[in-house]
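For reference, the structure discussed in these notes is given below.
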Amino acid sequence: MAPDPSDQERRARDAIETLARAETGRLLGALLRDIRDFQMAEDCLQEAMESALTHWARNGLPDSPAGWVLQTARRKAIDRLRRARNFDRKAEEYGLLIELDQQTVDSEAPAAIPDERLRLIFTCCHPALDAKTRVALTLRTLCGLTTREIARAFLDSETAMAQRLVRARHKITKAGIPFEIPEPDHWGARLNSVLSVIYLTFNEGYSATAGSELLRHDLCLEAIRMGRLMLELLPGNADCEGLLALMLLNHSRSGARADGEGGMIALEHQDRAKWNRQEIAEGCALLDSALARGMGGVFHLQAAISALHAQAPSHAATGWREIVLLYEGLHRLTPNPVYLLNRAVALSYASGAEEALAALAPLEAELGAYQPFHAAKADFLRRTARIGAARQSYRRAIALSANESERRFLESRMAALDQPG
């Protein structure tokens with residue numbers, strides 16, 4: 001019996017969506033390495049994805065979908081280079097693409113070199129772009145995060161972030177910024193941006209902006225892998241140690257953050273026996289090593305907070321006052337209203353929800369569109385028995401949440417307001 005065309009088209013569409021979500025960064029990174037032209041790489045990859053939908057719906061899925069798309073994108077680049085007016089200047093890239101096109105599709109998987117993505121992150125974090133833009137562009141290009149996810153990380157609107165990314169692409173094209181892997185003596189100017197990219201990739205994995213799952217384990221594990229590679233590249237670097245410590249300490253709790261149906265479990269109700277003690281031990285050792293060097297950067301302070309959680313025997317016995325002080329230190333080091341929001345949460349357990357509400361009030365102007373702000377406010381209002389106001393804040397938090405697990409958790413909290421006691 002011949003395959004159902006509509007079923008084959010659905011499978012093709014699902015495969016493209018999965019590939020776009022999981023592999024766009026690696027595929028685009030491989031093209032950038034070969035073509036060295038940002039706009040052409042993006043355009044050719046998009047055209048290859050469109051071609052895949054047509055071909056796969058008609059002929060079925062290939063053995064290596066990622067390899068098929070990469071090879072098709074390279075062939076489209078060959079066609080563009082052949083037609084280009086400045087062909088002489090593009091001859092090197094043309095020759096390389098022709099050579100690569102002779103290889104089999106199976107050998108074209110973009111993850112062939114384990115640290116290829118990390119090298120390309122160094123490449124894209126070009127100092128000609130401002131720090132925020134280079135991090136945002138790298139997250140979009142090589143890490144596969146959506147504009148919405150990146151906007152959330154920077155507390156920007158999706159529109160503003162989209163405009164920033166467009167301007168960055170135009171600047172790259174107009175200024176002819178080269179996408180070349182820098183030599184080790186040029187890593188210093190890019191290091192903070194590279195570490196920020198890895199950290200924000202982990203953050204999106206640990207608390208997904210959208211979708212049905214609270215965690216995206218693939219992003220968490222990839223960020224940890226890159227964090228380990230950074231320590232191989234720069235052994236003994238305190239910032240790299242601090243970042244890896246932070247990720248491991250946070251990730252140690254991942255197995256207890258959701259129930260069997262994917263529902264979110266609040267920190268105070270997590271089964272601490274499910275926390276990964278090996279990751280906690282490794283994270284604490286890395287933090288001790290970094291602090292012994294006399295360093296006290298953003299990653300170290302955040303890792304110290306996570307270590308206090310990881311080592312506490314219970315939620316009530318956590319060093320909440322120390323956590324309040326650490327968030328104050330973070331805000332002094334790098335002013336950020338999210339640090340003050342997290343300080344207010346810690347303050348609610350150290351000194352009570354009433355004091356936390358007072359600390360929260362000045363933040364509303366900056367964080368009025370930030371879902372965790374309203375979730376925290378709702379919890380403080382609930383704990384001070386202001387049920388009507390708590391319900392209103394829960395509704396606002398639910399409306400701002402695009403993550404299904406998170407939304408169900410907030411809805412259950414709001415429903416509990418109606419229960420006696």
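FYI, nothing fancy with the structure tokens labels: chains A, B, ... in order, residues from 1 per chain, ligands from 1 as they appear.
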
>> Show me, as a ChimeraX atom specification, the residues that have an atom within 9 Å of segment 386-393 of chain A when counting only C-alpha atoms, minus same-chain residues fewer than 2 positions from it.
In response: /A:374-384,395-398,414-415,417-418

> Any idea what's packed within 12 Å of Tyr370 of chain A, counting only C-alpha atoms, ignoring anything in its chain fewer than 4 positions away? Could you give it as a ChimeraX atom specification?
Replying inline: /A:151-157,209,337-338,341,363-366,374-377,393,396-402

> What does the distance between atom CA of Asn403 of chain A and atom CA of Ala162 of chain A come to in Å, to one decimal place?
Replying inline: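 These two atoms are separated by 20.9 Å.
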
>> Counting only C-alpha atoms, which residue out of A:Leu118, A:Ala12, A:Val324, A:Ala189 sits closest to Met226 of chain A?
In response: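 Among the listed residues, A:Leu118 lies closest to Met226 of chain A.
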
>> Neighbouring residues of Val166 of chain A were defined as those with any atom within 12 Å, considering only C-alpha atoms; residues of the same chain fewer than 2 positions away were excluded. Please report them as a ChimeraX atom specification.
In response: /A:38-39,133,136-137,140,147,159-164,168-173

> Distance atom CA of Ala285 of chain A-atom CA of Arg332 of chain A, one decimal place?
Replying inline: 25.7 Å
